[in-house]
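Q: Provided below: model-v2.cif, containing mmCIF, C-alpha atoms.
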data_work
loop_
_atom_site.label_atom_id
_atom_site.label_comp_id
_atom_site.auth_asym_id
_atom_site.auth_seq_id
_atom_site.Cartn_x
_atom_site.Cartn_y
_atom_site.Cartn_z
CA MET A 14 0.00 0.00 0.00
CA VAL A 15 2.79 2.39 0.96
CA LYS A 16 4.76 1.44 -2.13
CA ARG A 17 1.66 1.98 -4.30
CA LEU A 18 1.03 5.39 -2.69
CA LEU A 19 4.67 6.39 -3.11
CA SER A 20 4.57 5.29 -6.72
CA THR A 21 1.44 7.34 -7.35
CA VAL A 22 2.99 10.43 -5.76
CA LEU A 23 6.14 10.10 -7.83
CA SER A 24 4.09 9.70 -11.01
CA VAL A 25 2.15 12.88 -10.24
CA VAL A 26 5.37 14.79 -9.57
CA MET A 27 6.97 13.57 -12.83
CA ILE A 28 3.88 14.47 -14.86
CA ALA A 29 3.72 17.90 -13.25
CA SER A 30 7.40 18.39 -13.96
CA LEU A 31 7.02 17.42 -17.60
CA MET A 32 4.01 19.70 -18.02
CA SER A 33 5.90 22.53 -16.42
CA GLY A 34 8.84 21.92 -18.74
CA CYS A 35 6.60 21.88 -21.79
CA ALA A 36 4.90 25.08 -20.71
CA SER A 37 8.28 26.78 -20.23
CA SER A 38 9.59 25.68 -23.62
CA LYS A 39 6.46 26.85 -25.37
CA LYS A 40 6.69 30.22 -23.65
CA GLU A 41 10.25 30.74 -24.79
CA THR A 42 9.33 29.75 -28.34
CA SER A 43 6.32 32.02 -28.22
CA THR A 44 8.47 34.88 -26.99
CA SER A 45 11.02 34.19 -29.69
CA ASP A 46 8.38 34.03 -32.42
CA ASN A 47 6.42 37.14 -31.44
CA ASN A 48 9.26 39.37 -30.21
CA PRO A 49 12.48 38.31 -31.94
CA PRO A 50 15.61 39.67 -30.28
CA LYS A 51 16.78 42.83 -31.95
CA THR A 52 20.13 42.50 -33.74
CA GLU A 53 22.01 45.52 -35.02
CA THR A 54 25.01 45.61 -37.32
CA THR A 55 27.28 48.54 -36.61
CA LEU A 56 29.70 50.13 -39.04
CA THR A 57 32.12 52.78 -37.82
CA LEU A 58 32.98 55.68 -40.13
CA TRP A 59 35.80 58.18 -39.60
CA SER A 60 35.85 61.52 -41.41
CA ILE A 61 36.87 65.18 -41.15
CA ALA A 62 33.26 66.37 -41.52
CA THR A 63 33.15 68.05 -38.11
CA GLU A 64 30.23 70.29 -37.13
CA SER A 65 32.07 73.33 -38.49
CA ASP A 66 32.93 71.59 -41.78
CA ALA A 67 30.91 72.47 -44.89
CA PHE A 68 30.24 68.75 -45.55
CA SER A 69 28.89 67.97 -42.08
CA LYS A 70 25.19 68.18 -43.01
CA ALA A 71 25.70 66.13 -46.16
CA PHE A 72 27.39 63.32 -44.22
CA THR A 73 24.61 63.33 -41.62
CA LYS A 74 21.85 63.16 -44.25
CA ALA A 75 23.66 60.44 -46.20
CA ILE A 76 24.06 58.30 -43.09
CA LYS A 77 20.37 58.65 -42.22
CA ASP A 78 19.40 57.62 -45.75
CA PHE A 79 21.62 54.55 -45.61
CA GLU A 80 20.29 53.46 -42.22
CA ALA A 81 16.70 53.93 -43.41
CA ALA A 82 17.36 51.84 -46.51
CA ASN A 83 19.14 49.15 -44.48
CA PRO A 84 17.09 48.35 -41.34
CA GLY A 85 19.20 46.95 -38.53
CA VAL A 86 22.32 48.80 -39.65
CA LYS A 87 23.80 51.60 -37.57
CA ILE A 88 26.66 53.83 -38.73
CA VAL A 89 28.68 55.39 -35.95
CA HIS A 90 30.24 58.54 -37.38
CA GLU A 91 33.36 59.86 -35.64
CA THR A 92 34.88 63.14 -36.84
CA PHE A 93 38.30 64.74 -36.43
CA GLU A 94 39.98 68.01 -37.35
CA ASN A 95 41.91 67.92 -40.62
CA GLU A 96 45.51 68.07 -39.39
CA ALA A 97 44.98 65.79 -36.40
CA TYR A 98 43.22 63.30 -38.63
CA LYS A 99 46.18 62.91 -40.95
CA THR A 100 48.24 61.69 -38.02
CA LYS A 101 45.43 59.55 -36.64
CA ILE A 102 44.79 57.71 -39.90
CA LYS A 103 48.47 56.94 -40.42
CA THR A 104 48.73 55.61 -36.86
CA ALA A 105 45.61 53.50 -37.33
CA VAL A 106 47.04 51.93 -40.48
CA SER A 107 50.30 51.09 -38.73
CA ALA A 108 48.47 49.59 -35.76
CA ASN A 109 45.96 47.76 -37.98
CA ASN A 110 43.20 49.60 -36.13
CA LEU A 111 41.17 51.14 -38.94
CA PRO A 112 37.39 51.52 -38.65
CA ASP A 113 35.08 49.79 -41.14
CA LEU A 114 34.89 52.90 -43.32
CA PHE A 115 37.21 55.87 -43.33
CA TYR A 116 37.62 59.14 -45.17
CA THR A 117 41.00 59.68 -46.79
CA TRP A 118 42.70 61.54 -49.60
CA GLY A 119 43.36 59.45 -52.69
CA GLY A 120 46.50 59.61 -54.80
CA GLY A 121 49.86 59.51 -53.08
CA PHE A 122 48.47 60.05 -49.59
CA SER A 123 46.68 56.70 -49.47
CA LYS A 124 49.12 54.73 -51.60
CA PRO A 125 51.07 53.41 -48.58
CA PHE A 126 47.80 52.33 -46.93
CA VAL A 127 46.86 50.27 -49.97
CA GLU A 128 50.34 48.82 -50.37
CA SER A 129 50.32 47.73 -46.72
CA GLY A 130 47.30 45.53 -47.42
CA LYS A 131 45.13 47.37 -44.89
CA VAL A 132 42.54 48.58 -47.44
CA LEU A 133 39.87 46.44 -49.10
CA ALA A 134 39.57 46.43 -52.91
CA ILE A 135 35.92 47.18 -53.72
CA ASP A 136 35.81 46.54 -57.50
CA LYS A 137 33.13 43.86 -57.16
CA TYR A 138 30.74 46.37 -55.59
CA TYR A 139 31.21 48.93 -58.39
CA THR A 140 28.45 47.57 -60.63
CA GLY A 141 25.14 48.45 -62.28
CA GLU A 142 23.72 51.84 -61.35
CA TYR A 143 26.97 52.91 -59.68
CA LYS A 144 28.83 52.61 -62.99
CA GLU A 145 26.06 54.55 -64.73
CA GLN A 146 26.21 57.42 -62.23
CA LEU A 147 29.91 57.56 -61.35
CA SER A 148 32.49 57.38 -64.12
CA GLU A 149 35.56 55.19 -63.83
CA ALA A 150 37.64 58.30 -64.56
CA ALA A 151 36.27 59.89 -61.38
CA LEU A 152 37.83 57.02 -59.42
CA THR A 153 41.31 57.61 -60.82
CA TYR A 154 42.78 58.70 -57.48
CA ALA A 155 41.18 55.77 -55.66
CA THR A 156 42.56 53.24 -58.14
CA TYR A 157 45.90 51.52 -57.54
CA ASN A 158 47.43 48.85 -59.78
CA GLY A 159 44.17 48.54 -61.67
CA LYS A 160 42.00 47.93 -58.60
CA ILE A 161 39.46 50.28 -57.02
CA TYR A 162 39.97 50.91 -53.31
CA GLY A 163 37.46 53.66 -52.61
CA SER A 164 34.66 55.86 -53.84
CA THR A 165 34.54 59.64 -54.15
CA TYR A 166 31.84 62.29 -53.85
CA THR A 167 33.19 65.63 -55.05
CA THR A 168 35.62 67.33 -57.41
CA PRO A 169 36.99 70.17 -55.27
CA ILE A 170 39.17 72.88 -56.78
CA SER A 171 41.16 75.74 -55.31
CA ALA A 172 40.04 79.27 -56.08
CA LEU A 173 40.35 82.82 -54.77
CA PHE A 174 37.27 83.93 -52.85
CA TYR A 175 36.84 87.65 -52.29
CA ASN A 176 34.53 90.18 -50.64
CA LYS A 177 32.90 92.18 -53.45
CA LYS A 178 31.65 94.81 -51.01
CA ILE A 179 35.19 95.60 -49.83
CA PHE A 180 36.44 95.68 -53.41
CA ASP A 181 33.64 97.97 -54.60
CA GLU A 182 33.99 100.35 -51.66
CA ASN A 183 37.69 100.73 -52.43
CA GLY A 184 37.43 100.91 -56.21
CA LEU A 185 39.19 97.59 -56.76
CA LYS A 186 38.80 94.94 -59.44
CA ALA A 187 39.30 91.23 -58.96
CA PRO A 188 42.93 90.40 -59.90
CA THR A 189 43.69 88.14 -62.85
CA THR A 190 47.49 88.24 -62.59
CA PHE A 191 49.95 88.11 -59.71
CA ASP A 192 51.04 91.71 -60.35
CA GLU A 193 47.41 92.81 -60.07
CA LEU A 194 47.07 90.80 -56.86
CA VAL A 195 50.06 92.64 -55.37
CA GLN A 196 48.56 95.99 -56.38
CA VAL A 197 45.22 95.08 -54.77
CA CYS A 198 46.99 93.98 -51.59
CA ASP A 199 49.00 97.21 -51.47
CA LYS A 200 45.88 99.38 -51.77
CA LEU A 201 44.04 97.40 -49.12
CA ILE A 202 46.99 97.66 -46.73
CA GLN A 203 46.99 101.43 -47.22
CA LYS A 204 43.30 101.43 -46.25
CA GLY A 205 44.04 99.43 -43.11
CA ILE A 206 42.33 96.29 -44.45
CA THR A 207 43.93 92.86 -44.26
CA PRO A 208 44.14 91.62 -47.86
CA ILE A 209 44.36 87.84 -47.50
CA GLY A 210 43.18 85.50 -44.77
CA ILE A 211 45.37 82.49 -43.98
CA SER A 212 46.19 79.99 -41.25
CA ALA A 213 49.79 79.02 -40.60
CA LYS A 214 48.71 76.83 -37.70
CA ASP A 215 46.74 74.51 -39.97
CA ILE A 216 49.54 74.33 -42.51
CA TRP A 217 47.37 72.89 -45.26
CA VAL A 218 45.80 76.35 -45.54
CA LEU A 219 49.24 77.85 -46.26
CA ALA A 220 49.67 75.12 -48.84
CA MET A 221 46.42 76.05 -50.58
CA THR A 222 47.85 79.46 -51.47
CA HIS A 223 51.37 78.24 -52.21
CA ASP A 224 50.19 75.32 -54.37
CA ALA A 225 47.88 77.50 -56.47
CA LEU A 226 50.63 80.09 -56.92
CA THR A 227 53.15 77.43 -57.94
CA LEU A 228 50.73 75.92 -60.45
CA LYS A 229 50.26 79.34 -62.06
CA CYS A 230 54.05 79.88 -62.11
CA ALA A 231 55.29 76.50 -63.33
CA GLY A 232 52.31 74.95 -65.09
CA PRO A 233 50.60 71.59 -64.45
CA GLU A 234 53.04 69.34 -66.33
CA LYS A 235 56.12 70.55 -64.49
CA VAL A 236 54.41 70.47 -61.08
CA LYS A 237 53.14 66.92 -61.53
CA ALA A 238 56.50 65.66 -62.81
CA ALA A 239 58.37 67.15 -59.85
CA LEU A 240 56.00 65.89 -57.17
CA LYS A 241 55.76 62.41 -58.68
CA LYS A 242 59.55 62.22 -59.10
CA GLU A 243 59.28 61.79 -62.85
CA GLY A 244 62.50 63.47 -63.95
CA GLN A 245 61.70 67.07 -62.99
CA SER A 246 63.93 68.63 -60.33
CA TYR A 247 62.32 71.00 -57.84
CA ASP A 248 65.46 73.14 -57.99
CA ASP A 249 64.07 74.96 -61.01
CA PRO A 250 63.61 78.68 -61.86
CA ASP A 251 59.82 78.38 -61.97
CA PHE A 252 59.59 76.80 -58.51
CA LEU A 253 61.98 79.38 -57.13
CA ALA A 254 59.89 82.15 -58.69
CA SER A 255 56.82 80.78 -56.94
CA ALA A 256 58.59 80.63 -53.57
CA LYS A 257 59.81 84.20 -53.99
CA LYS A 258 56.35 85.47 -54.90
CA PHE A 259 54.88 83.69 -51.89
CA LYS A 260 57.53 85.29 -49.66
CA GLN A 261 56.81 88.67 -51.28
CA LEU A 262 53.21 88.46 -50.11
CA VAL A 263 54.35 87.52 -46.62
CA GLU A 264 56.86 90.38 -46.35
CA MET A 265 54.50 93.06 -47.69
CA GLY A 266 51.95 92.15 -45.00
CA ALA A 267 49.36 90.68 -47.33
CA PHE A 268 48.42 87.93 -44.89
CA HIS A 269 46.67 88.26 -41.59
CA LYS A 270 48.90 89.10 -38.64
CA GLY A 271 49.12 86.33 -36.09
CA ALA A 272 48.41 83.67 -38.70
CA THR A 273 50.73 81.24 -36.94
CA GLY A 274 48.29 81.12 -34.02
CA LEU A 275 45.09 80.95 -36.08
CA SER A 276 43.33 77.75 -37.07
CA ASN A 277 41.51 77.55 -40.39
CA ASP A 278 38.17 78.00 -38.64
CA GLU A 279 39.41 81.15 -36.90
CA ALA A 280 41.05 82.58 -40.03
CA SER A 281 38.06 81.91 -42.28
CA ALA A 282 35.71 83.41 -39.66
CA LEU A 283 37.55 86.73 -40.11
CA PHE A 284 36.85 86.51 -43.83
CA TYR A 285 33.19 85.68 -43.25
CA SER A 286 32.83 88.64 -40.90
CA GLY A 287 34.17 91.08 -43.51
CA LYS A 288 37.46 91.83 -41.75
CA VAL A 289 39.58 90.24 -44.49
CA ALA A 290 39.19 90.82 -48.23
CA MET A 291 40.35 87.52 -49.81
CA TYR A 292 40.84 83.85 -48.99
CA THR A 293 42.34 81.06 -51.09
CA THR A 294 40.95 77.63 -50.36
CA GLY A 295 38.88 74.82 -51.80
CA SER A 296 35.47 75.12 -53.45
CA TRP A 297 33.79 73.95 -50.23
CA MET A 298 34.03 77.53 -48.93
CA ALA A 299 31.07 78.39 -51.17
CA GLY A 300 28.80 76.45 -48.81
CA SER A 301 30.17 78.13 -45.70
CA ILE A 302 29.67 81.55 -47.26
CA GLN A 303 25.94 80.78 -47.45
CA THR A 304 25.71 79.85 -43.79
CA ASP A 305 28.41 81.85 -42.03
CA THR A 306 28.21 85.31 -43.60
CA GLU A 307 25.69 88.06 -42.95
CA ASN A 308 25.13 88.66 -46.66
CA PRO A 309 26.33 85.92 -49.06
CA ALA A 310 25.69 88.23 -52.02
CA ASP A 311 28.73 90.28 -50.92
CA TYR A 312 31.05 87.44 -51.93
CA ASP A 313 32.34 86.03 -55.20
CA VAL A 314 35.08 83.76 -56.55
CA ILE A 315 37.69 83.81 -59.33
CA PRO A 316 40.45 81.45 -60.50
CA PHE A 317 43.75 82.03 -58.72
CA PRO A 318 45.65 84.77 -60.65
CA LEU A 319 48.18 83.83 -63.32
CA ALA A 320 51.84 84.22 -62.37
CA GLY A 321 53.69 83.47 -65.61
CA GLY A 322 53.21 82.03 -69.05
CA LYS A 323 53.28 78.33 -68.12
CA ALA A 324 49.65 77.93 -67.01
CA LYS A 325 46.13 78.93 -68.04
CA ALA A 326 43.34 80.44 -65.97
CA THR A 327 41.53 77.14 -66.53
CA ASP A 328 44.28 75.06 -64.88
CA PHE A 329 43.20 74.27 -61.33
CA MET A 330 44.59 72.67 -58.23
CA GLY A 331 42.14 69.95 -57.24
CA GLY A 332 40.46 66.78 -58.44
CA ALA A 333 38.21 63.99 -57.22
CA VAL A 334 40.46 62.96 -54.36
CA ASP A 335 38.10 62.98 -51.35
CA THR A 336 37.56 59.28 -50.81
CA ILE A 337 35.81 56.81 -48.53
CA MET A 338 37.69 53.53 -48.23
CA VAL A 339 36.97 50.24 -46.50
CA SER A 340 39.24 48.55 -44.00
CA ALA A 341 40.51 45.13 -45.05
CA SER A 342 39.83 43.94 -41.51
CA THR A 343 36.13 44.88 -41.42
CA LYS A 344 33.85 42.08 -40.23
CA ASN A 345 31.20 43.14 -42.76
CA PRO A 346 32.99 43.60 -46.10
CA ASP A 347 29.90 43.29 -48.31
CA LEU A 348 27.90 45.80 -46.27
CA ALA A 349 30.85 48.18 -45.95
CA GLY A 350 31.62 47.93 -49.68
CA LYS A 351 28.04 48.79 -50.50
CA ALA A 352 28.07 51.62 -47.98
CA ALA A 353 31.16 53.21 -49.56
CA PHE A 354 29.24 53.76 -52.80
CA GLU A 355 25.83 54.52 -51.29
CA LEU A 356 27.21 57.08 -48.88
CA THR A 357 29.39 58.86 -51.45
CA ARG A 358 26.49 59.06 -53.88
CA SER A 359 24.30 60.72 -51.26
CA ILE A 360 27.08 63.00 -49.99
CA SER A 361 27.71 64.10 -53.60
CA LYS A 362 24.06 65.12 -53.92
CA TYR A 363 23.54 66.77 -50.55
CA SER A 364 26.85 68.63 -50.49
CA TYR A 365 26.18 70.08 -53.95
CA LEU A 366 22.70 71.20 -52.94
CA ASP A 367 24.20 72.72 -49.78
CA GLY A 368 26.76 74.53 -51.92
CA ALA A 369 29.68 72.79 -50.25
CA GLY A 370 30.82 70.39 -52.95
CA LEU A 371 30.98 70.07 -56.71
CA ALA A 372 29.06 66.92 -57.54
CA VAL A 373 31.02 64.09 -59.13
CA TRP A 374 28.08 61.65 -59.27
CA LYS A 375 25.42 62.16 -61.95
CA LYS A 376 22.97 64.93 -61.05
CA ASP A 377 19.48 63.42 -61.45
CA TYR A 378 17.77 65.92 -59.14
CA ASP A 379 16.64 69.55 -59.18
CA ASP A 380 19.62 71.83 -58.56
CA SER A 381 17.94 75.12 -59.47
CA LYS A 382 18.38 76.48 -55.94
CA VAL A 383 22.13 75.88 -55.72
CA ASN A 384 23.88 79.14 -54.83
CA PRO A 385 25.55 81.13 -57.67
CA ILE A 386 29.10 80.77 -56.30
CA THR A 387 28.89 76.99 -56.26
CA LYS A 388 27.40 76.97 -59.77
CA LYS A 389 30.24 79.20 -60.92
CA LEU A 390 32.79 76.82 -59.43
CA ALA A 391 31.00 73.88 -61.03
CA ASP A 392 31.41 75.63 -64.39
CA TYR A 393 35.11 76.14 -63.67
CA ALA A 394 35.49 72.43 -62.97
CA ALA A 395 33.47 71.43 -66.03
CA ASN A 396 35.62 73.60 -68.31
CA ALA A 397 38.99 73.00 -66.65
CA THR A 398 41.92 72.24 -68.94
CA SER A 399 43.70 70.37 -66.14
CA PHE A 400 43.45 69.27 -62.52
CA THR A 401 46.58 69.00 -60.40
CA LEU A 402 46.25 67.39 -56.99
CA TRP A 403 47.44 69.45 -54.05
CA PHE A 404 51.07 68.92 -53.15
CA ASP A 405 50.44 67.08 -49.88
CA THR A 406 48.03 64.73 -51.66
CA THR A 407 50.16 64.03 -54.72
CA MET A 408 53.25 63.26 -52.63
CA GLU A 409 53.50 60.22 -50.43
CA ALA A 410 52.76 60.90 -46.78
CA GLU A 411 56.35 61.21 -45.53
CA ASP A 412 57.35 63.60 -48.32
CA ALA A 413 54.17 65.61 -47.81
CA GLY A 414 54.87 66.04 -44.11
CA GLU A 415 58.34 67.40 -44.85
CA TYR A 416 56.90 69.76 -47.47
CA LEU A 417 54.41 71.26 -45.02
CA THR A 418 57.13 71.75 -42.42
CA LEU A 419 59.37 73.51 -44.94
CA LEU A 420 56.52 75.73 -46.09
CA GLN A 421 55.75 76.81 -42.55
CA GLU A 422 59.46 77.49 -41.95
CA MET A 423 59.57 79.73 -45.02
CA PHE A 424 56.42 81.55 -43.93
CA VAL A 425 57.81 82.43 -40.50
CA GLY A 426 61.19 83.42 -41.97
CA ASN A 427 63.39 80.58 -40.74
CA ILE A 428 64.42 79.66 -44.28
CA THR A 429 64.69 81.61 -47.54
CA PRO A 430 62.93 80.78 -50.82
CA GLU A 431 66.28 79.46 -52.07
CA ASP A 432 66.58 77.21 -49.01
CA PHE A 433 63.02 76.03 -49.52
CA VAL A 434 63.58 75.03 -53.14
CA LYS A 435 66.85 73.22 -52.40
CA SER A 436 65.29 71.37 -49.45
CA MET A 437 62.32 70.38 -51.57
CA LYS A 438 64.66 68.99 -54.20
CA LYS A 439 66.36 66.86 -51.55
CA ASN A 440 63.00 65.83 -50.11
CA LEU A 441 61.84 64.52 -53.49
CA GLU A 442 65.04 62.71 -54.49
#
What does this structure look like when you write it as structure tokens?
A:
Amino acid sequence: MVKRLLSTVLSVVMIASLMSGCASSKKETSTSDNNPPKTETTLTLWSIATESDAFSKAFTKAIKDFEAANPGVKIVHETFENEAYKTKIKTAVSANNLPDLFYTWGGGFSKPFVESGKVLAIDKYYTGEYKEQLSEAALTYATYNGKIYGSTYTTPISALFYNKKIFDENGLKAPTTFDELVQVCDKLIQKGITPIGISAKDIWVLAMTHDALTLKCAGPEKVKAALKKEGQSYDDPDFLASAKKFKQLVEMGAFHKGATGLSNDEASALFYSGKVAMYTTGSWMAGSIQTDTENPADYDVIPFPLAGGKAKATDFMGGAVDTIMVSASTKNPDLAGKAAFELTRSISKYSYLDGAGLAVWKKDYDDSKVNPITKKLADYAANATSFTLWFDTTMEAEDAGEYLTLLQEMFVGNITPEDFVKSMKKNLE
């Protein structure tokens, strides 16, 4: 009797246990079926599109579009200042610590990154509609040894921006030659107006002026041959003439006093506020003029003045070099490869509409409201007879770093134009 009772009790307990187990399993399945756990794929993107950068809004809009079109994907966008970023990206390559996607400058700057095997070739993602909307020629500076390693979104060019109001009030005309530029600077100085804004703290801003001046002194063929080490010595009369003209502007007081302590943001703010008459930089300034000046109609742009007979007004520093590349170590190569093209297509559109960039992707949208300065720059780019990449982009990273140091030394007076040219020759040997 006791055994039978014990057996019955055990049977009840086992049945209850089994029922409980079944109920639990069903609940978990039910939970799984009705409320699947949320999974999110994250891609990290590095760029120089900080809040103060003209491309910031375009990057933000492009990222939102990509996330909306790809549910479950999140792009974490980290931004850095231009000069600091150049060091950061080189360090990341050396340490094999690149993010999934990263902004970089094509051409010589990124060549060592590609050669190190740290960048993913994305040829297989460049198909269909991408090929129809972005020419292979536009990817020249992202192509190495016949393979595509990045996608681009703009064709920036250097130009001379100026304040028409200041010019008109002082009876000045926009200069077309270096001699005219000197005359304009002299008259402005006499009026107590700073002629040209510049930053010697962010040395790439110094380079913008020097590079454009050198192009107009020596011509595109000679500049490219020297920087690419293709048989042209930098110790050449045309390069020396450029260095001397640059130094002439420095010594006459054409540039803003205290430029060595000014960042690009600080120097350009003086231009936007009407305290400086001219500023040489990339076409992206057209967008900032629309947002950062009291009256954008007071501003205009011209090609950098000619400084000899070796170049044309239609020869420009610039080219489709702004690039988004993919790390070879990304855990999501297919998604990142797709993102490189999707993001650059959207950034090309939004930055052009914002007036910050000259679109390199096909324009299949209404651009009637694009500001007149950007449209003017777009015409310059469309009718250019040549594009020459900026010195620090054409040269490999180590050579470029030495160039920027030498340029800053010449600006502050530690070396002469002759010293600069001889040192550049040695740097490029």
Q: With the file shown as input, list the residues that the PyMOL selection byres ((chain A and resi 292) around 12) selects, as number ranges by chain.
A: A: 171-176, 207-212, 218-219, 221-222, 267-269, 277, 280-285, 287-291, 293-296, 298-299, 302, 312-317
Q: Interatomic distance between CA of Glu411 in chain A and CA of Phe252 in chain A?
A: 20.5 Å
Q: State, in Å with one decimal place, the distance from CA of Phe400 in chain A to CA of Val334 in chain A.
A: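 Between CA of Phe400 in chain A and CA of Val334 in chain A the gap works out to 10.7 Å.
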Q: Point out the residue among A:Leu152, A:Lys177, A:Asp379, A:Leu420 with the least atom-to-atom distance to Asn308 in chain A, counting all atoms listed in the file.
A: A:Lys177
Q: So which residues fall inside 8 Å of (28.6, 43.9, -35.5) if we count all atoms listed in the file? Mind giving them as an NGL selection string?
A: :A and (53-56 or 344-345)
Q: Between CA of Leu319 in chain A and CA of Trp297 in chain A, what is the spacing in Å?
A: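 Those two atoms sit 21.8 Å apart.
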Q: Report as a ChimeraX atom specification the residues that result from applying the PyMOL selection byres ((chain A and resi 355-367) around 7) to the structure here.
A: /A:68,71-72,75-76,79,164-167,300,351-354,368-374,380,383
Q: May I ask which of the residues A:Leu419, A:Ala213, A:Ala341, A:Ala320 is the closest one to Ser129 in chain A, counting all atoms listed in the file?
A: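 Selected residue with least distance to Ser129 in chain A: A:Ala341.
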Q: Given only C-alpha atoms as the basis, pick out the residue of A:Leu253, A:Ala134, A:Val263, A:Ala333 nearest to Gly159 in chain A.
A: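 Nearest to Gly159 in chain A: A:Ala134.
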Q: Got a sec to check which residues sit within 10 Å of (49.2, 58.7, -55.6), counting only C-alpha atoms, and write them as a list in words?
A: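 Every polymer residue passing the test: Trp118, Gly119, Gly120, Gly121, Phe122, Ser123, Lys124, Pro125, Thr153, Tyr154, Ala155, Thr156, Tyr157, Lys241, Val334, Leu402, Thr406, Thr407, Met408, Glu409 and Ala410 of chain A.
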